[in-house]
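What follows is one structure encoded as structure tokens, with my remarks underneath.
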Amino acid sequence: MTTVDRPVDVLLSDGSTVQLRPIRPDDAPEIVAMHGRFSERTRYLRYFSPYPRIPERDLRRFVTVDHRDREALVVLAGGRIVAVGRYERLGPEAPEAEVAFVVEDAHQGRGIGSVLLEYLADAARRVGIVHFVAEVLPANGTMLRVFSDFGYQVRRQFADGVVHLSFPIAPTDATLAVQRGREHRTEARSIARLLAPRGVAVYGASATGQGVGAAVLGHLRDGGFAGAVVPVHPTATTVAGLPAYPHAVDAGVPLDLAVVAVAPEAAPAVVADAAAAGVHGLVVIAAGFAEAGAEGAAAQRALVRAAHAAGMRVIGPNCLGVANTDPAVRLNATLAPALPPPGRVGIFSQSGAFGVALLAEADRRGLGLSSFVSAGNRADVSGNDLLQYWQDDPGTDVVMLHLETFGNPRKFARLARRVGRTKPVVALASPARPDGPGSSAGPDEVAVAALFAQSGVIRVDTVAELLDVGLLLANQPLPAGPRVAVVGNSSALTGLAARACAAQGLTLAGGSPRDVGPNATAAEFAAALAAAAGDDGVDALAVMLAPPLPGQPVEADLAVALPAALGPGKPVVVTVLAGRTVSGLPAYGGVEEAVRALARVHRYAEWLRRPPGSLPELTGIDPVAGRAALRRDGVDIAGLLAAYGIELVDSVPARSAEEAAAAATRLGTPVALKASAYGLRHRLDLGAVRLDLPDPAAVRRAYAELSAVFGTDVLVQPMVPPGVACVVELVEDPAFGPVVGFGVGGVATELLGDRAWRAVPLTDRDAEELVGEPRAAPLLRGHRGAAAVDRAALAELLLRVGRLADEQPRVRALTLNPVLARPDGLSVLHASVRLGAAADRPDTGPRRL
């Protein structure tokens, strides 16, 4: 069983793409050709001998593998095999295998060896191999570093002139950190080459100056791009006043980026031409691809495959373009004729229309731009790639995203958590979820916001709100707490601001709101602000400026006096009516907008102050046993839960009074008798549950009463100590992937949708927050004299359910209901599981695009 059953595209350390797939018997000629391109040194280091040619017997063995005891993977660049890696098990069912790989000389030093080792280890683990061994010549320092730098605990022995290596291949925190670090560097480099190109080729710019290609060409030329701009045209010698060439390579200048504005049927020829010129990436402005139907989707897939085969990445198709305001670059490869002023905010927009609105509004409000990418159909480059790039970009301090869908939500959450620790991430994303599998409603709008907040993302609902928050983050420090001083020259405005603060969960500082009156001079207004700014009980300021009245200070006086009164260290939002401006301060046209932006930034600052959670070690986890419980004929629910350390209270089905009495005798009285239908098993209020039945006779009487109302099928369970009924759910959410929900049980809480949700994988902090977040959570802390339950046990249960979701992708939904929580622990009374095809876990396993 191999880790890849069809070709996958991966990024190398230089940001270029290659293809990786299992070897095939018909690869024999390519293997021979690659061997012929090896230098004598490469052959000697791999085979420990000159090995000038591959004998036919060896060749057949090289290309014929069983994908279990013997595996081989090849790497293709430019359509030809440039590397091969293989393992061979050391005996039938042995837990060890020998691993080796070789890379063509021209492609060494690009990280191919690390990629092969990553995929080979993953494939080997799937068939029970737990150790790799390798033999390496001491002179082969590159290969020795591949093994030692991967994070494995490598044992070395030197004998007979060879270094013998042995290491376990189970994933560890160290290997995962290495893998994630390489992923970050490769994806960031691939984007950096597109946003700071040495030269740009433009395909599809008409000589008449009409059309989108000509528009982008004009914006590149007029925007002062620092590199070469090369129109590619089959016949014209000049386009838009620039020399044009029939092929990009004819220009004789280095080209890193190609802007493509041709019809889908012409795209393959453009990809080939750009590849021949050494282009690193394509920005496909043209439409008519996946958004146009099945035929366009096929053309889009072919475009991306061809680009990746040539080592290029693709932005788009059907996108607005890319921009970089760095004075050393000055790139405007977009359909927008003008860009916002240079600044320190990076903007990603999936939609071209939203991208136009974002750029125009940012320009109007003076929000400075560092770089901009519109992904369009997002066939390749996505918001995740831009997060990787912006994390280390010294010119970007704030990240703003417009997201229509999540291609890889789990990866987005992981990257946002990491990036958000140093740079705030603001996302305009709809709370609506596409239809997904299962009957559970899953996260509602409030829960969707919580799922974003779990990753430190500031979610907003409109373009205006995105700019509101971005403007504050780009110009002001983060608040140290929730206390807001409200100062203004209108009692109506300051009162409105005070109410807005309360509605947004902010606290009014002492002495607020303060109205200096409509006739206050600029000096009086400044003094009030200075007093508030200097107050240790104030974390942020909200300033309200009413329209001027006759005799009021002139606008220029306020514009100078107010900023001067505000020292550094505390954020300020200003509500400006009637067109006033205050230089250097984020200004808003309404009170609610200003306070809402401040509240969202405050919640982000709170998230930053909380220590990040960790993935705790859990005892008693057996993923193999968990998979075994997912049988072809159904699921062994008790066995599945037991594999993750979750004990399910015994439950014996019965269809007659005698069967129920016999079950009670076997379990030991007292017992509980319940209607078998899932929705009735916890409905004491409907009389579907009878408790504390002391003997078989009582069981028979209870059965007669239950069966008359709810049917003959019942469940018999031993009595457990009472507790607070809780519900734990696992849902495969179509937007966020697997999510875990928690709530207090009961009809009322179910009607109100009182559930808290977190995305998998769960950290210890996620689990603690889940337990405390539902509105009915005070029942768990001891309500009206009741004893507090063991919330740590509930948190551990949630962690175990999260681990199950992570490791068993066939489990598409799981419900534990009820879970009785007590001061001394908990009991899981009932569980239901729904299986499906293994859901994709795109952020697990080896790196891939």
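Naming works like this for the structure tokens: A, B, ... for the chains as they're shown, residue 1 at the start of each chain, ligands 1 onward in shown order.
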Write out as a list in words each polymer residue whose atoms come within 9 Å of A:Val253, counting only C-alpha atoms; drop sequence neighbours fewer than 3 positions from it. Arg198, Gly199, Ala228, Val230, Ala248, Val249, Asp250 and Ala277 of chain A
I need the strand (DSSP E or B) residues of stretch 222-377 of chain A per DSSP on the backbone, written as a PyMOL selection string. chain A and resi 228-232+238-239+242-243+245+257-260+281-284+313-315+321-324+331-334+342-349+369-374
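Reported to one decimal place, the separation of atom CA of A:Leu45 from atom CA of A:Leu137 is 6.4 Å.
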Name all residues at most 6 Å from A:Val689 (count only C-alpha atoms; drop same-chain ones fewer than 5 positions away) and give them as a list in words.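 Non-adjacent residues within range: Leu673, Lys674 and Leu684 of chain A.
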Those residues with all heavy atoms, as a short mmCIF file (atom, residue, chain, number, x, y, z; two decimals), in the first residue's frame please?
data_model
loop_
_atom_site.label_atom_id
_atom_site.label_comp_id
_atom_site.auth_asym_id
_atom_site.auth_seq_id
_atom_site.Cartn_x
_atom_site.Cartn_y
_atom_site.Cartn_z
N LEU A 673 -34.02 1.09 32.56
CA LEU A 673 -34.67 0.56 31.36
C LEU A 673 -35.07 1.75 30.49
O LEU A 673 -35.68 2.71 30.98
CB LEU A 673 -35.91 -0.24 31.75
CG LEU A 673 -36.48 -1.19 30.68
CD1 LEU A 673 -35.51 -2.32 30.40
CD2 LEU A 673 -37.82 -1.75 31.13
N LYS A 674 -34.71 1.67 29.18
CA LYS A 674 -34.91 2.83 28.31
C LYS A 674 -35.50 2.38 26.99
O LYS A 674 -35.19 1.30 26.49
CB LYS A 674 -33.57 3.52 28.03
CG LYS A 674 -32.80 3.92 29.28
CD LYS A 674 -31.47 4.56 28.93
CE LYS A 674 -30.72 4.98 30.20
NZ LYS A 674 -29.46 5.67 29.89
N LEU A 684 -36.27 11.42 29.96
CA LEU A 684 -37.00 11.21 31.21
C LEU A 684 -38.32 11.96 31.20
O LEU A 684 -39.33 11.49 31.74
CB LEU A 684 -36.15 11.69 32.39
CG LEU A 684 -35.07 10.73 32.92
CD1 LEU A 684 -34.09 11.48 33.79
CD2 LEU A 684 -35.73 9.60 33.71
#
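Of the listed residues (A:Leu117, A:Tyr389, A:Ala503, A:Glu56), A:Leu117 comes nearest to A:Val74; the distances count only C-alpha atoms.
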Residues flagged alpha helix (DSSP H) by DSSP in stretch 271-462 of chain A, as a VMD selection string: chain A and resid 271 to 276 294 to 309 352 to 365 383 to 392 409 to 419 445 to 454
Using only C-alpha atoms, the residue out of A:Arg847, A:Pro409, A:Ala638, A:Phe38 with shortest distance to A:Glu187 is A:Arg847
For A:Leu331, which of A:Phe348, A:Thr64, A:Leu195, A:Ala297 is the closest residue, counting only C-alpha atoms? A:Leu195
Which residue of A:Ser114, A:Val102, A:Leu648, A:Ser832 approaches A:Thr42 most closely, using only C-alpha atoms: A:Val102
In Å to one decimal, how far is atom CA of A:Val760 from atom CA of A:Leu615?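 One can read the atom CA of A:Leu615 to atom CA of A:Val760 distance as 10.7 Å.
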Considering only C-alpha atoms, return as a list of chain:residue names whatever protein or nucleic-acid residues lie within 12 Å of A:Ala662, sequence-local ones (same chain, fewer than 5 positions apart) excluded.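 My reading of the contact set: A:Val652, A:Pro653, A:Ala654, A:Arg655, A:Ser656, A:Ala657, A:Leu667, A:Gly668, A:Thr669, A:Val671, A:Asp695, A:Pro696, A:Ala697, A:Val699, A:Arg700, A:Val716, A:Gln717.
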Which residue, A:Leu116, A:Leu76, A:Ala170, A:Ala528, has the smallest gap to A:Ala309 when you use only C-alpha atoms?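 Between A:Leu116, A:Leu76, A:Ala170, A:Ala528, the residue approaching A:Ala309 most closely is A:Leu76.
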Can you tell me which residues surround A:Arg810 at a distance of at most 12 Å, considering only C-alpha atoms, apart from same-chain residues fewer than 6 positions away, and format the answer as a short mmCIF file (atom, residue, chain, number, x, y, z; two decimals) with N, CA, C and O atoms, in the first residue's frame?
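Result went into result_29.cif, see below:
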data_model
loop_
_atom_site.label_atom_id
_atom_site.label_comp_id
_atom_site.auth_asym_id
_atom_site.auth_seq_id
_atom_site.Cartn_x
_atom_site.Cartn_y
_atom_site.Cartn_z
N GLY A 626 -8.72 0.95 16.81
CA GLY A 626 -9.83 1.80 16.37
C GLY A 626 -10.23 1.49 14.94
O GLY A 626 -11.43 1.40 14.62
N ARG A 627 -9.24 1.32 14.06
CA ARG A 627 -9.56 0.98 12.67
C ARG A 627 -10.22 -0.40 12.58
O ARG A 627 -11.11 -0.62 11.76
N ALA A 628 -9.76 -1.34 13.42
CA ALA A 628 -10.34 -2.68 13.40
C ALA A 628 -11.81 -2.65 13.80
O ALA A 628 -12.60 -3.52 13.39
N ALA A 629 -12.20 -1.68 14.63
CA ALA A 629 -13.59 -1.59 15.07
C ALA A 629 -14.51 -1.08 13.97
O ALA A 629 -15.74 -1.18 14.08
N LEU A 630 -13.93 -0.52 12.92
CA LEU A 630 -14.74 -0.01 11.80
C LEU A 630 -14.87 -1.13 10.77
O LEU A 630 -14.22 -1.14 9.73
N ARG A 631 -15.72 -2.08 11.07
CA ARG A 631 -15.85 -3.29 10.24
C ARG A 631 -16.66 -3.00 9.00
O ARG A 631 -17.39 -2.01 8.91
N ARG A 632 -16.56 -3.91 8.03
CA ARG A 632 -17.32 -3.78 6.79
C ARG A 632 -18.83 -3.85 7.04
O ARG A 632 -19.62 -3.21 6.37
N GLY A 634 -20.40 -2.88 9.70
CA GLY A 634 -20.86 -1.91 10.69
C GLY A 634 -19.72 -1.51 11.60
O GLY A 634 -18.55 -1.81 11.34
N VAL A 635 -20.07 -0.85 12.67
CA VAL A 635 -19.04 -0.36 13.57
C VAL A 635 -19.26 -0.93 14.96
O VAL A 635 -20.39 -0.97 15.47
N LEU A 640 -14.52 0.90 19.29
CA LEU A 640 -13.94 2.13 18.77
C LEU A 640 -13.62 3.11 19.90
O LEU A 640 -12.52 3.67 19.97
N VAL A 731 -18.61 16.32 14.22
CA VAL A 731 -19.27 16.55 12.94
C VAL A 731 -18.20 16.83 11.90
O VAL A 731 -17.21 17.52 12.18
N GLU A 732 -18.39 16.29 10.69
CA GLU A 732 -17.52 16.62 9.56
C GLU A 732 -18.09 17.86 8.89
O GLU A 732 -19.00 17.77 8.06
N PRO A 738 -13.34 18.32 10.39
CA PRO A 738 -13.90 17.76 11.61
C PRO A 738 -13.90 18.77 12.75
O PRO A 738 -12.89 19.42 13.02
N LEU A 804 -9.70 10.85 18.12
CA LEU A 804 -10.41 9.87 17.29
C LEU A 804 -10.76 10.49 15.94
O LEU A 804 -10.58 9.86 14.88
N VAL A 833 -22.56 6.41 16.00
CA VAL A 833 -21.47 6.68 15.06
C VAL A 833 -22.01 6.52 13.65
O VAL A 833 -22.77 5.58 13.38
N ARG A 834 -21.63 7.42 12.77
CA ARG A 834 -21.97 7.27 11.37
C ARG A 834 -20.67 7.24 10.58
O ARG A 834 -19.81 8.12 10.73
N LEU A 835 -20.52 6.21 9.73
CA LEU A 835 -19.31 6.05 8.93
C LEU A 835 -19.55 6.52 7.50
O LEU A 835 -20.68 6.61 7.04
N GLY A 836 -18.48 6.80 6.82
CA GLY A 836 -18.54 7.14 5.42
C GLY A 836 -17.20 6.83 4.79
O GLY A 836 -16.32 6.22 5.41
N ALA A 837 -17.04 7.24 3.55
CA ALA A 837 -15.73 7.11 2.93
C ALA A 837 -14.74 7.97 3.71
O ALA A 837 -15.12 8.98 4.32
N ALA A 838 -13.50 7.53 3.72
CA ALA A 838 -12.49 8.27 4.49
C ALA A 838 -12.44 9.72 4.03
O ALA A 838 -12.17 10.01 2.87
N ALA A 839 -12.76 10.63 4.93
CA ALA A 839 -12.72 12.05 4.59
C ALA A 839 -11.28 12.49 4.38
O ALA A 839 -10.36 11.99 5.03
N ASP A 840 -11.10 13.42 3.46
CA ASP A 840 -9.76 13.91 3.17
C ASP A 840 -9.22 14.68 4.36
O ASP A 840 -9.91 15.48 4.97
N ARG A 841 -7.98 14.40 4.71
CA ARG A 841 -7.29 15.16 5.76
C ARG A 841 -6.09 15.82 5.10
O ARG A 841 -4.96 15.35 5.19
#
So, with only C-alpha atoms as the atoms that count, which of A:His233, A:Arg189, A:Arg600, A:Arg483 lies closest to A:Lys570?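 Looking at the shortest contact to A:Lys570, the residue is A:Arg483.
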Polymer residues at most 7 Å from A:Asp380, only C-alpha atoms, same-chain spacing of 4 or more positions, as a PDB file with N, CA, C and O atoms, in the first residue's frame:
ATOM      1  N   ARG A 313       4.148  27.910 -10.610  1.00  0.00           N
ATOM      2  CA  ARG A 313       2.911  28.028  -9.853  1.00  0.00           C
ATOM      3  C   ARG A 313       1.919  28.886 -10.627  1.00  0.00           C
ATOM      4  O   ARG A 313       2.293  29.637 -11.529  1.00  0.00           O
ATOM      5  N   VAL A 314       0.634  28.779 -10.231  1.00  0.00           N
ATOM      6  CA  VAL A 314      -0.430  29.452 -10.962  1.00  0.00           C
ATOM      7  C   VAL A 314      -1.279  30.267  -9.990  1.00  0.00           C
ATOM      8  O   VAL A 314      -1.761  29.742  -8.978  1.00  0.00           O
ATOM      9  N   ILE A 315      -1.464  31.548 -10.299  1.00  0.00           N
ATOM     10  CA  ILE A 315      -2.429  32.399  -9.595  1.00  0.00           C
ATOM     11  C   ILE A 315      -3.627  32.576 -10.530  1.00  0.00           C
ATOM     12  O   ILE A 315      -3.479  33.016 -11.660  1.00  0.00           O
TER      13      ILE A 315
END
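Between atom CA of A:Gly511 and atom CA of A:Ala526 lies a distance of 16.2 Å.
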